[in-house]
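Data from start_29.cif: mmCIF, C-alpha atoms and all ligand atoms
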```
data_query
#
loop_
_atom_site.label_atom_id
_atom_site.label_comp_id
_atom_site.auth_asym_id
_atom_site.auth_seq_id
_atom_site.Cartn_x
_atom_site.Cartn_y
_atom_site.Cartn_z
CA MET A 1 146.61 86.95 147.85
CA PRO A 2 144.66 84.43 149.92
CA GLN A 3 146.36 81.58 151.74
CA PHE A 4 145.05 78.12 150.91
CA PRO A 5 143.43 76.16 152.42
CA LEU A 6 141.19 79.06 153.29
CA PRO A 7 140.39 78.76 157.00
CA PRO A 8 136.83 78.68 158.37
CA GLY A 9 135.78 82.20 159.34
CA SER A 10 136.95 83.54 155.97
CA THR A 11 134.46 85.15 153.63
CA LEU A 12 133.77 83.64 150.21
CA GLY A 13 132.25 85.73 147.42
CA ILE A 14 129.56 84.46 145.07
CA LEU A 15 128.51 86.28 141.91
CA GLY A 16 124.80 85.65 141.40
CA GLY A 17 121.95 85.31 143.84
CA GLY A 18 119.79 82.50 142.43
CA GLN A 19 119.12 79.03 143.77
CA LEU A 20 122.57 77.70 142.89
CA GLY A 21 124.12 80.58 144.84
CA ARG A 22 121.76 79.86 147.71
CA MET A 23 122.71 76.20 147.93
CA LEU A 24 126.42 77.10 147.61
CA ALA A 25 126.03 79.65 150.41
CA LEU A 26 124.33 77.08 152.66
CA ALA A 27 127.13 74.57 152.02
CA ALA A 28 129.77 77.23 152.68
CA ALA A 29 128.09 78.21 155.94
CA ARG A 30 128.15 74.57 157.06
CA LEU A 31 131.94 74.59 156.65
CA GLY A 32 132.22 77.73 158.75
CA PHE A 33 132.56 80.32 155.98
CA ASP A 34 130.70 83.59 155.65
CA VAL A 35 129.36 84.35 152.20
CA ALA A 36 129.10 87.67 150.38
CA VAL A 37 126.69 87.60 147.44
CA LEU A 38 126.83 90.15 144.64
CA GLU A 39 123.45 90.32 142.94
CA ARG A 40 121.27 92.95 141.27
CA ASP A 41 118.12 91.91 143.15
CA ALA A 42 118.08 93.02 146.80
CA ASP A 43 115.74 90.14 147.72
CA SER A 44 117.45 87.16 146.06
CA PRO A 45 117.36 83.46 147.10
CA ALA A 46 121.12 83.49 147.86
CA GLY A 47 121.25 86.97 149.36
CA ARG A 48 118.71 85.99 151.98
CA VAL A 49 120.91 83.21 153.36
CA ALA A 50 124.26 85.01 153.04
CA ALA A 51 126.16 87.01 155.68
CA HIS A 52 126.58 89.91 153.24
CA CYS A 53 124.63 90.95 150.17
CA ILE A 54 126.01 93.60 147.83
CA VAL A 55 123.34 94.90 145.50
CA GLY A 56 124.69 95.82 142.10
CA ALA A 57 125.40 94.79 138.52
CA TYR A 58 128.11 92.16 138.00
CA ALA A 59 130.31 94.60 136.09
CA ASP A 60 129.76 97.55 138.46
CA PRO A 61 133.28 98.55 139.62
CA ALA A 62 132.03 99.96 142.95
CA ALA A 63 130.13 96.76 143.74
CA LEU A 64 133.13 94.63 142.75
CA ALA A 65 135.41 96.74 144.98
CA GLN A 66 132.99 96.20 147.87
CA LEU A 67 133.07 92.45 147.21
CA ALA A 68 136.88 92.43 147.01
CA ALA A 69 137.05 94.23 150.35
CA LEU A 70 135.09 91.37 151.95
CA ALA A 71 136.28 88.30 150.07
CA ASN A 72 139.55 87.39 148.40
CA VAL A 73 138.19 84.21 146.86
CA VAL A 74 135.18 84.58 144.58
CA THR A 75 133.15 82.03 142.63
CA TYR A 76 129.96 82.28 140.58
CA GLU A 77 126.71 80.47 140.05
CA PHE A 78 126.19 81.19 136.35
CA GLU A 79 128.44 81.22 133.32
CA ASN A 80 127.55 84.58 131.83
CA VAL A 81 129.67 86.55 134.29
CA PRO A 82 131.17 89.40 132.22
CA ALA A 83 134.87 88.84 131.54
CA GLU A 84 135.62 92.39 132.73
CA ALA A 85 134.14 91.58 136.16
CA VAL A 86 136.69 88.78 136.55
CA LEU A 87 139.52 91.04 135.37
CA THR A 88 138.46 93.76 137.81
CA LEU A 89 138.38 91.29 140.70
CA GLN A 90 141.78 89.85 139.74
CA SER A 91 143.27 93.36 139.59
CA LEU A 92 142.06 93.80 143.18
CA GLY A 93 143.98 90.69 144.28
CA VAL A 94 140.97 88.37 144.29
CA VAL A 95 141.29 84.75 143.17
CA VAL A 96 138.34 83.84 140.92
CA ALA A 97 137.51 80.16 140.52
CA PRO A 98 136.75 78.55 138.13
CA GLY A 99 139.22 80.70 136.18
CA PRO A 100 138.73 82.96 133.16
CA GLU A 101 139.67 80.19 130.64
CA ALA A 102 136.74 78.08 131.82
CA LEU A 103 134.39 81.07 131.57
CA ALA A 104 135.60 82.04 128.09
CA VAL A 105 135.06 78.48 126.84
CA ALA A 106 131.65 78.12 128.45
CA GLN A 107 130.41 81.49 127.16
CA ASP A 108 130.88 80.75 123.47
CA ARG A 109 129.51 77.52 122.00
CA VAL A 110 132.08 77.61 119.18
CA ALA A 111 135.09 78.11 121.48
CA GLU A 112 133.60 75.40 123.71
CA LYS A 113 133.35 72.81 120.93
CA GLN A 114 136.82 73.72 119.63
CA PHE A 115 138.27 73.26 123.11
CA LEU A 116 136.40 69.98 123.63
CA ASN A 117 137.52 68.45 120.35
CA ALA A 118 141.11 69.58 120.92
CA SER A 119 141.00 67.95 124.39
CA GLY A 120 139.76 64.61 123.09
CA ALA A 121 136.16 65.14 124.22
CA PRO A 122 134.06 64.50 121.09
CA THR A 123 131.04 66.63 120.05
CA VAL A 124 128.63 66.73 117.10
CA ALA A 125 129.95 68.27 113.88
CA PHE A 126 129.48 72.04 113.87
CA ALA A 127 130.19 75.26 112.00
CA SER A 128 129.74 78.93 112.79
CA ALA A 129 127.97 81.72 110.88
CA ALA A 130 127.87 85.47 111.37
CA SER A 131 125.33 86.49 108.70
CA ALA A 132 122.09 85.15 107.20
CA GLU A 133 123.85 84.38 103.88
CA GLN A 134 126.64 82.51 105.63
CA ALA A 135 124.09 80.58 107.70
CA VAL A 136 122.33 79.42 104.51
CA ALA A 137 125.65 78.41 102.91
CA VAL A 138 126.81 76.54 106.02
CA ALA A 139 123.45 74.77 106.44
CA ALA A 140 123.60 73.67 102.77
CA GLU A 141 127.15 72.43 103.19
CA MET A 142 126.40 70.50 106.39
CA GLY A 143 123.14 69.10 105.02
CA PRO A 144 119.95 69.78 106.99
CA PRO A 145 118.47 69.24 109.42
CA VAL A 146 120.83 71.31 111.55
CA LEU A 147 120.28 72.95 114.91
CA MET A 148 121.09 76.66 114.97
CA LYS A 149 121.99 78.13 118.37
CA THR A 150 123.22 81.56 119.37
CA ARG A 151 126.92 81.31 120.15
CA ARG A 152 126.37 83.17 123.41
CA GLU A 153 123.78 83.41 126.15
CA GLY A 154 121.44 80.53 125.36
CA TYR A 155 120.06 78.51 128.27
CA ASP A 156 117.26 76.02 128.97
CA GLY A 157 116.82 75.49 125.21
CA LYS A 158 116.31 79.22 124.55
CA GLY A 159 118.10 80.75 121.56
CA GLN A 160 117.89 77.74 119.26
CA ARG A 161 116.01 76.75 116.08
CA TRP A 162 115.93 73.62 113.96
CA VAL A 163 116.61 74.31 110.27
CA GLU A 164 114.97 71.68 108.05
CA HIS A 165 115.90 73.22 104.67
CA ALA A 166 119.02 75.28 104.01
CA PRO A 167 117.18 78.43 102.75
CA ASP A 168 115.23 78.53 106.05
CA ALA A 169 118.53 79.25 107.83
CA ALA A 170 118.17 82.94 106.85
CA ALA A 171 114.85 83.31 108.71
CA ALA A 172 116.18 81.29 111.67
CA PHE A 173 119.25 83.55 111.84
CA LYS A 174 117.00 86.63 111.97
CA ALA A 175 114.65 85.04 114.50
CA LEU A 176 117.62 84.42 116.81
CA GLY A 177 118.38 88.15 116.71
CA GLY A 178 120.93 88.35 113.89
CA VAL A 179 123.77 87.49 116.29
CA PRO A 180 126.64 85.06 115.60
CA VAL A 181 125.42 81.46 115.66
CA ILE A 182 126.64 77.89 115.68
CA LEU A 183 125.08 75.25 113.45
CA GLU A 184 125.15 71.75 114.88
CA ALA A 185 124.56 68.37 113.27
CA PRO A 186 121.69 66.52 114.96
CA ALA A 187 122.77 64.17 117.71
CA ASP A 188 120.95 60.85 117.23
CA PHE A 189 121.03 60.13 120.92
CA VAL A 190 119.28 57.38 122.90
CA ARG A 191 119.64 59.19 126.23
CA GLU A 192 120.84 62.43 127.71
CA LEU A 193 123.31 61.91 130.53
CA SER A 194 125.45 64.23 132.58
CA ILE A 195 128.46 63.92 134.76
CA ILE A 196 129.38 66.22 137.61
CA ALA A 197 133.09 66.43 138.33
CA ALA A 198 135.41 68.50 140.49
CA ARG A 199 139.07 69.46 140.57
CA GLY A 200 140.85 70.84 143.59
CA ARG A 201 143.66 73.38 143.81
CA ASP A 202 146.13 70.49 144.11
CA GLY A 203 144.93 68.99 140.80
CA ALA A 204 143.08 66.10 142.48
CA THR A 205 139.80 65.15 140.82
CA ALA A 206 136.54 63.72 142.11
CA ILE A 207 133.86 62.45 139.76
CA TYR A 208 130.23 61.60 140.57
CA PRO A 209 128.21 58.75 139.08
CA LEU A 210 126.35 59.61 135.85
CA ALA A 211 122.81 61.01 135.89
CA GLU A 212 120.16 60.34 133.25
CA ASN A 213 118.22 63.51 132.40
CA HIS A 214 114.81 64.23 130.94
CA HIS A 215 113.87 67.64 129.58
CA GLU A 216 110.51 69.14 128.66
CA GLY A 217 110.30 72.27 126.57
CA GLY A 218 114.07 72.72 126.97
CA ILE A 219 113.84 72.71 130.79
CA LEU A 220 115.19 69.90 132.96
CA ARG A 221 112.26 67.96 134.44
CA ARG A 222 113.89 65.01 136.12
CA SER A 223 117.20 63.28 136.70
CA LEU A 224 117.71 59.65 137.69
CA ALA A 225 120.99 58.83 139.33
CA PRO A 226 123.18 56.89 139.47
CA ALA A 227 122.12 56.14 135.89
CA THR A 228 122.10 52.51 134.81
CA VAL A 229 125.17 52.33 132.60
CA SER A 230 127.80 49.76 131.64
CA PRO A 231 131.21 50.07 133.29
CA ALA A 232 132.62 50.89 129.82
CA LEU A 233 130.23 53.84 129.42
CA ALA A 234 131.01 55.12 132.93
CA ASP A 235 134.70 54.85 132.13
CA GLN A 236 134.24 56.78 128.87
CA ALA A 237 132.41 59.57 130.74
CA GLU A 238 135.06 59.74 133.45
CA ARG A 239 137.84 60.01 130.89
CA ILE A 240 135.98 62.86 129.16
CA ALA A 241 135.50 64.66 132.48
CA ALA A 242 139.17 64.24 133.43
CA ARG A 243 140.30 65.68 130.06
CA ILE A 244 138.04 68.71 130.46
CA LEU A 245 139.18 69.39 134.03
CA GLN A 246 142.84 69.10 133.09
CA GLY A 247 142.49 71.03 129.83
CA LEU A 248 141.04 74.02 131.67
CA ASP A 249 143.37 73.74 134.69
CA TYR A 250 140.03 73.80 136.44
CA VAL A 251 139.23 74.55 140.08
CA GLY A 252 135.69 73.80 141.24
CA VAL A 253 132.72 71.72 140.12
CA VAL A 254 131.80 71.41 136.45
CA GLY A 255 128.59 70.05 134.91
CA ILE A 256 129.08 68.17 131.65
CA GLU A 257 126.02 67.38 129.51
CA LEU A 258 126.39 64.29 127.35
CA PHE A 259 124.53 62.57 124.54
CA GLU A 260 124.62 58.78 124.61
CA MET A 261 124.62 57.91 120.94
CA ARG A 262 123.06 54.83 119.37
CA ASP A 263 126.54 53.39 118.70
CA GLY A 264 127.54 53.69 122.39
CA ARG A 265 129.75 56.75 122.01
CA LEU A 266 129.35 59.72 124.30
CA LEU A 267 129.37 63.21 122.80
CA VAL A 268 129.60 66.34 124.92
CA ASN A 269 126.69 68.74 124.40
CA GLU A 270 127.91 71.49 126.69
CA ILE A 271 129.80 72.24 129.85
CA ALA A 272 128.69 74.50 132.69
CA PRO A 273 131.56 75.89 134.82
CA ARG A 274 129.53 75.67 138.01
CA VAL A 275 127.28 73.47 140.05
CA HIS A 276 124.54 72.06 137.86
CA ASN A 277 120.82 71.25 138.08
CA THR A 278 121.55 67.63 137.09
CA GLY A 279 123.81 67.38 140.15
CA HIS A 280 121.11 68.26 142.71
CA TRP A 281 120.59 64.55 143.34
CA THR A 282 124.01 64.46 145.05
CA GLN A 283 122.57 66.45 147.98
CA ASP A 284 120.70 63.39 149.21
CA GLY A 285 122.35 60.60 147.21
CA CYS A 286 126.09 61.06 147.76
CA GLU A 287 128.57 61.28 150.58
CA VAL A 288 129.64 64.86 149.80
CA ASP A 289 127.30 66.81 147.51
CA GLN A 290 128.24 69.03 144.58
CA PHE A 291 127.73 72.25 146.57
CA GLU A 292 130.08 71.35 149.40
CA GLN A 293 132.49 69.89 146.83
CA HIS A 294 132.60 73.19 144.94
CA ILE A 295 133.23 75.14 148.13
CA ARG A 296 135.96 72.69 149.16
CA ALA A 297 137.64 73.05 145.75
CA VAL A 298 137.62 76.85 145.54
CA ALA A 299 138.70 77.16 149.20
CA GLY A 300 141.67 74.85 148.53
CA TRP A 301 140.38 72.11 150.80
CA PRO A 302 140.72 68.43 149.98
CA LEU A 303 137.88 67.12 147.83
CA GLY A 304 135.37 64.85 149.51
CA PRO A 305 134.15 61.37 148.52
CA THR A 306 131.55 61.18 145.73
CA ALA A 307 130.15 57.67 146.18
CA ALA A 308 126.38 57.28 146.04
CA HIS A 309 124.58 55.87 149.06
CA HIS A 310 121.08 56.08 147.54
CA ARG A 311 119.52 56.06 144.11
CA VAL A 312 117.69 59.36 143.59
CA GLU A 313 114.94 60.63 141.36
CA MET A 314 115.33 64.41 141.26
CA LEU A 315 112.26 66.33 140.13
CA ASN A 316 112.31 70.06 139.51
CA LEU A 317 109.35 71.96 140.97
CA LEU A 318 108.38 74.44 138.27
CA GLY A 319 105.98 77.35 138.81
CA ASP A 320 103.07 76.48 141.09
CA GLU A 321 104.22 72.84 141.47
CA ALA A 322 106.06 74.01 144.57
CA ASP A 323 102.62 74.67 146.14
CA ALA A 324 102.48 70.89 146.68
CA TRP A 325 105.00 71.25 149.53
CA PRO A 326 102.54 70.18 152.28
CA ARG A 327 101.97 66.84 150.50
CA LEU A 328 105.65 66.42 149.62
CA ALA A 329 106.65 67.14 153.21
CA HIS A 330 104.55 64.13 154.26
CA GLU A 331 106.46 61.66 152.06
CA PRO A 332 109.18 59.95 154.10
CA GLU A 333 111.33 59.18 151.02
CA THR A 334 111.17 62.76 149.69
CA ARG A 335 113.73 65.46 150.49
CA LEU A 336 112.35 68.90 149.76
CA HIS A 337 114.54 71.79 148.63
CA LEU A 338 112.78 75.15 148.18
CA TYR A 339 114.50 78.26 146.88
CA GLY A 340 112.52 80.98 148.65
CA LYS A 341 111.51 82.69 145.39
CA ARG A 342 108.61 85.08 145.79
CA ASP A 343 106.75 84.72 142.46
CA ALA A 344 105.88 81.33 141.00
CA LYS A 345 105.94 82.24 137.29
CA PRO A 346 105.16 79.35 134.89
CA GLY A 347 108.29 77.31 134.18
CA ARG A 348 110.32 79.07 136.88
CA LYS A 349 112.46 76.76 139.00
CA MET A 350 110.99 77.17 142.50
CA GLY A 351 112.55 74.13 144.13
CA HIS A 352 113.25 70.45 143.64
CA VAL A 353 112.69 67.17 145.40
CA ASN A 354 115.05 64.25 145.73
CA LYS A 355 113.11 61.00 146.04
CA LEU A 356 115.29 58.37 147.67
CA LYS A 357 115.35 54.74 146.61
CA PRO A 358 117.67 51.94 147.67
CA LEU A 359 120.84 51.62 145.56
P1 LIG T 1 121.47 73.11 125.02
O1 LIG T 1 120.86 74.47 125.22
O2 LIG T 1 122.63 73.10 124.09
O3 LIG T 1 121.75 72.41 126.32
O4 LIG T 1 120.34 72.23 124.33
C1 LIG T 1 119.10 71.98 124.96
C2 LIG T 1 118.56 70.63 124.53
O5 LIG T 1 118.40 70.59 123.10
C3 LIG T 1 119.49 69.46 124.83
O6 LIG T 1 119.32 69.03 126.16
C4 LIG T 1 119.05 68.45 123.81
O7 LIG T 1 117.84 67.82 124.21
C5 LIG T 1 118.74 69.29 122.60
N1 LIG T 1 119.91 69.42 121.72
C6 LIG T 1 120.94 70.29 121.86
N2 LIG T 1 121.85 70.13 120.88
C7 LIG T 1 121.40 69.13 120.10
C8 LIG T 1 121.90 68.50 118.90
N3 LIG T 1 123.03 68.88 118.31
N4 LIG T 1 121.15 67.50 118.39
C9 LIG T 1 120.00 67.11 118.95
N5 LIG T 1 119.47 67.67 120.06
C10 LIG T 1 120.16 68.66 120.62
#
```

For the file at hand, write its structure as structure tokens.
Ligand code: AMP
Amino acid sequence: MPQFPLPPGSTLGILGGGQLGRMLALAAARLGFDVAVLERDADSPAGRVAAHCIVGAYADPAALAQLAALANVVTYEFENVPAEAVLTLQSLGVVVAPGPEALAVAQDRVAEKQFLNASGAPTVAFASAASAEQAVAVAAEMGPPVLMKTRREGYDGKGQRWVEHAPDAAAAFKALGGVPVILEAPADFVRELSIIAARGRDGATAIYPLAENHHEGGILRRSLAPATVSPALADQAERIAARILQGLDYVGVVGIELFEMRDGRLLVNEIAPRVHNTGHWTQDGCEVDQFEQHIRAVAGWPLGPTAAHHRVEMLNLLGDEADAWPRLAHEPETRLHLYGKRDAKPGRKMGHVNKLKPL
């Protein structure tokens, strides 16, 4: 078992080699850690900045054994890590953070909403369905419109369909692949907000100011942070974050997506047990950013301060938008973050910019 705080010079494992893994690896390196990335792609954004890259599937026992030989603390950059990968690592004496409870909750939208409501973090009304007939019955009972989402493996707005009339739920169920679904009441929100929060191994928490988020086609386009909110709303969000962190006995950074409702209540849309795209603004807007904070938490270090020193407009660079880097590099108020991805497919997150403004 590892000794905490993990000393510099230790190796940290990261499951997943995308941009979040890359930015985690860079933050870890700054604190003196080596990083071992486990990733299927031999040429990944994170693998190219890590000390070690193990190429393999996340559930491949040989790859996991290789990772365990290098690192006895492992984290991840995406929530669909197979549960058996975590069990395998734990059986090899590896501490995985955030823990399996957080993963189980984040992997199933029904378990997630049940956990949230039980923890005093409100959500929209919801019900589950496992067949087309049940989906029609549930949609009729809830009263359309309802939003049908796959219980598992949806991201960036993929795997969801609005159902305007109950009988249409059968076709929507089939279109989503005939897999178990959740049906959600529509959230009549005025804004989408998010809060990034962290909990250390000692149970201490650190919470960032709220971000206001704008999506296009289900993909995050821009975040404005700190969002302009009343102290009461900020307080409500912080209480929700604290309940989630405590309820999961959480270690690491969590991203919590919120709906600000017309009546001033905040509802939780979903939680991501990892660093989050709506927290990228912290890199250039806060004292300690979400990536370093996550590394500090999983390594058993004290958490760092989260206060904002700039207002930030974070813009994702999708597809060929990253080709504008020569112009962006000229702008004195713009901080450019590029992920080193080889192919700029449409809609693919290639990088982001943080545009700094005075607080
Ligand atoms: P999700 O994949 O759950 O993050 O949803 C993607 C986007 O769909 C959210 O950012 C919202 O804009 C929208 N959305 C999700 N759930 C609801 C809901 N229950 N009511 C209205 N809009 C929703």

Point to revise | Surrounding residues as a PyMOL selection string, ligand LIG 1 (chain T), max 7 Å, only C-alpha atoms and all ligand atoms | key: chain A and resi 124+147+154-158+184-188+192+215+218+269-270

Exercise for review: Please check which residues have atoms at most 9 Å from (132.0, 80.2, 132.5) in the file's coordinates, counting only C-alpha atoms, and write them as number ranges by chain.
Suggested key: A: 76, 78-81, 98-107, 271-274

Practice item. Kindly give the distance, in Å, that separates atom CA of Ala241 of chain A and atom CA of Leu210 of chain A, rounded to a single decimal. Key: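 So the two atoms, atom CA of Ala241 of chain A and atom CA of Leu210 of chain A, lie 11.0 Å apart.
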
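Atom CA of Glu313 of chain A sits 25.7 Å away from atom CA of Arg199 of chain A.
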
Review point. Excluding same-chain residues fewer than 3 positions from Leu26 of chain A, what lies within 8 Å of it counting only C-alpha atoms, as an MDAnalysis selection string?
Key: chainID A and resid 22:23 29:30 49:50

Taking C-alpha atoms for each residue, export the selection above as a PDB file, in the frame of the given file.
```pdb
ATOM      1  CA  ARG A  22     121.760  79.860 147.710  1.00  0.00           C
ATOM      2  CA  MET A  23     122.710  76.200 147.930  1.00  0.00           C
ATOM      3  CA  ALA A  29     128.090  78.210 155.940  1.00  0.00           C
ATOM      4  CA  ARG A  30     128.150  74.570 157.060  1.00  0.00           C
ATOM      5  CA  VAL A  49     120.910  83.210 153.360  1.00  0.00           C
ATOM      6  CA  ALA A  50     124.260  85.010 153.040  1.00  0.00           C
TER       7      ALA A  50
END
```

Review point. Using all atoms listed in the file, which residue out of A:Gln19, A:Gln90, A:Thr75, A:Thr205 lies closest to Met1 of chain A?
Key: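 Comparing A:Gln19, A:Gln90, A:Thr75, A:Thr205 against Met1 of chain A, the winner is A:Gln90.
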
Review point. If you count only C-alpha atoms, which residues fall within 8 Å of Leu31 of chain A, apart from same-chain ones fewer than 3 positions away, as a list in words?
Key: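 Everything that qualifies: Pro8, Ala27 and Ala28 of chain A.
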
Review point. Out of A:Ala324, A:Ala140, A:Ala83, A:Ile182, which residue has the shortest atom-to-atom distance to Leu336 of chain A when counting only C-alpha atoms?
Key: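 The closest residue to Leu336 of chain A is A:Ala324.
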
Exercise for review: Name the closest residue to Val74 of chain A among the candidates A:Pro167, A:Gly177, A:Pro144, A:Gly252; distances are taken between atoms, counting all atoms listed in the file.
Suggested key: A:Gly252

Exercise for review: Would you mind listing what lies within 7 Å of segment 57-64 of chain A as a list of chain:residue names, with all atoms listed in the file counted and same-chain residues fewer than 5 positions away left out?
Suggested key: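 Surrounding residues, per the criterion: A:Glu39, A:Arg40, A:Val81, A:Pro82, A:Glu84, A:Ala85, A:Leu89.
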
Would you write out those residues with C-alpha atoms, as a PDB file, in the coordinates of the input?
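Result file follows (again00.pdb):
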```
ATOM      1  CA  GLU A  39     123.450  90.320 142.940  1.00  0.00           C
ATOM      2  CA  ARG A  40     121.270  92.950 141.270  1.00  0.00           C
ATOM      3  CA  VAL A  81     129.670  86.550 134.290  1.00  0.00           C
ATOM      4  CA  PRO A  82     131.170  89.400 132.220  1.00  0.00           C
ATOM      5  CA  GLU A  84     135.620  92.390 132.730  1.00  0.00           C
ATOM      6  CA  ALA A  85     134.140  91.580 136.160  1.00  0.00           C
ATOM      7  CA  LEU A  89     138.380  91.290 140.700  1.00  0.00           C
TER       8      LEU A  89
END
```

Since fewer atoms than expected are present, regenerate all heavy atoms for segment 129-136 of chain A and write them as a PDB file, in the coordinates of the input.
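As a result, part_15.pdb now contains:
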```pdb
ATOM      1  N   ALA A 129     128.420  80.771 111.909  1.00  0.00           N
ATOM      2  CA  ALA A 129     127.970  81.720 110.880  1.00  0.00           C
ATOM      3  C   ALA A 129     127.703  83.059 111.551  1.00  0.00           C
ATOM      4  O   ALA A 129     127.250  83.111 112.704  1.00  0.00           O
ATOM      5  CB  ALA A 129     126.698  81.214 110.205  1.00  0.00           C
ATOM      6  N   ALA A 130     128.031  84.120 110.802  1.00  0.00           N
ATOM      7  CA  ALA A 130     127.870  85.470 111.370  1.00  0.00           C
ATOM      8  C   ALA A 130     126.923  86.325 110.534  1.00  0.00           C
ATOM      9  O   ALA A 130     126.744  87.512 110.812  1.00  0.00           O
ATOM     10  CB  ALA A 130     129.231  86.150 111.484  1.00  0.00           C
ATOM     11  N   SER A 131     126.314  85.742 109.496  1.00  0.00           N
ATOM     12  CA  SER A 131     125.330  86.490 108.700  1.00  0.00           C
ATOM     13  C   SER A 131     124.291  85.491 108.185  1.00  0.00           C
ATOM     14  O   SER A 131     124.541  84.267 108.180  1.00  0.00           O
ATOM     15  CB  SER A 131     126.005  87.166 107.505  1.00  0.00           C
ATOM     16  OG  SER A 131     126.449  86.175 106.589  1.00  0.00           O
ATOM     17  N   ALA A 132     123.154  86.021 107.714  1.00  0.00           N
ATOM     18  CA  ALA A 132     122.090  85.150 107.200  1.00  0.00           C
ATOM     19  C   ALA A 132     122.599  84.369 105.993  1.00  0.00           C
ATOM     20  O   ALA A 132     122.345  83.168 105.866  1.00  0.00           O
ATOM     21  CB  ALA A 132     120.863  85.977 106.841  1.00  0.00           C
ATOM     22  N   GLU A 133     123.357  85.031 105.113  1.00  0.00           N
ATOM     23  CA  GLU A 133     123.850  84.380 103.880  1.00  0.00           C
ATOM     24  C   GLU A 133     124.789  83.229 104.257  1.00  0.00           C
ATOM     25  O   GLU A 133     124.718  82.135 103.705  1.00  0.00           O
ATOM     26  CB  GLU A 133     124.613  85.372 102.979  1.00  0.00           C
ATOM     27  CG  GLU A 133     123.787  86.547 102.462  1.00  0.00           C
ATOM     28  CD  GLU A 133     123.431  87.555 103.549  1.00  0.00           C
ATOM     29  OE1 GLU A 133     124.308  87.890 104.368  1.00  0.00           O
ATOM     30  OE2 GLU A 133     122.252  87.982 103.610  1.00  0.00           O
ATOM     31  N   GLN A 134     125.682  83.529 105.204  1.00  0.00           N
ATOM     32  CA  GLN A 134     126.640  82.510 105.630  1.00  0.00           C
ATOM     33  C   GLN A 134     125.900  81.321 106.276  1.00  0.00           C
ATOM     34  O   GLN A 134     126.271  80.167 106.054  1.00  0.00           O
ATOM     35  CB  GLN A 134     127.612  83.127 106.637  1.00  0.00           C
ATOM     36  CG  GLN A 134     128.948  82.426 106.689  1.00  0.00           C
ATOM     37  CD  GLN A 134     129.855  83.040 107.764  1.00  0.00           C
ATOM     38  OE1 GLN A 134     129.469  83.983 108.474  1.00  0.00           O
ATOM     39  NE2 GLN A 134     131.047  82.515 107.874  1.00  0.00           N
ATOM     40  N   ALA A 135     124.857  81.646 107.040  1.00  0.00           N
ATOM     41  CA  ALA A 135     124.090  80.580 107.700  1.00  0.00           C
ATOM     42  C   ALA A 135     123.469  79.652 106.665  1.00  0.00           C
ATOM     43  O   ALA A 135     123.495  78.427 106.820  1.00  0.00           O
ATOM     44  CB  ALA A 135     123.021  81.187 108.601  1.00  0.00           C
ATOM     45  N   VAL A 136     122.938  80.230 105.572  1.00  0.00           N
ATOM     46  CA  VAL A 136     122.330  79.420 104.510  1.00  0.00           C
ATOM     47  C   VAL A 136     123.403  78.544 103.855  1.00  0.00           C
ATOM     48  O   VAL A 136     123.201  77.336 103.650  1.00  0.00           O
ATOM     49  CB  VAL A 136     121.633  80.324 103.456  1.00  0.00           C
ATOM     50  CG1 VAL A 136     121.167  79.504 102.253  1.00  0.00           C
ATOM     51  CG2 VAL A 136     120.459  81.061 104.100  1.00  0.00           C
TER      52      VAL A 136
END
```
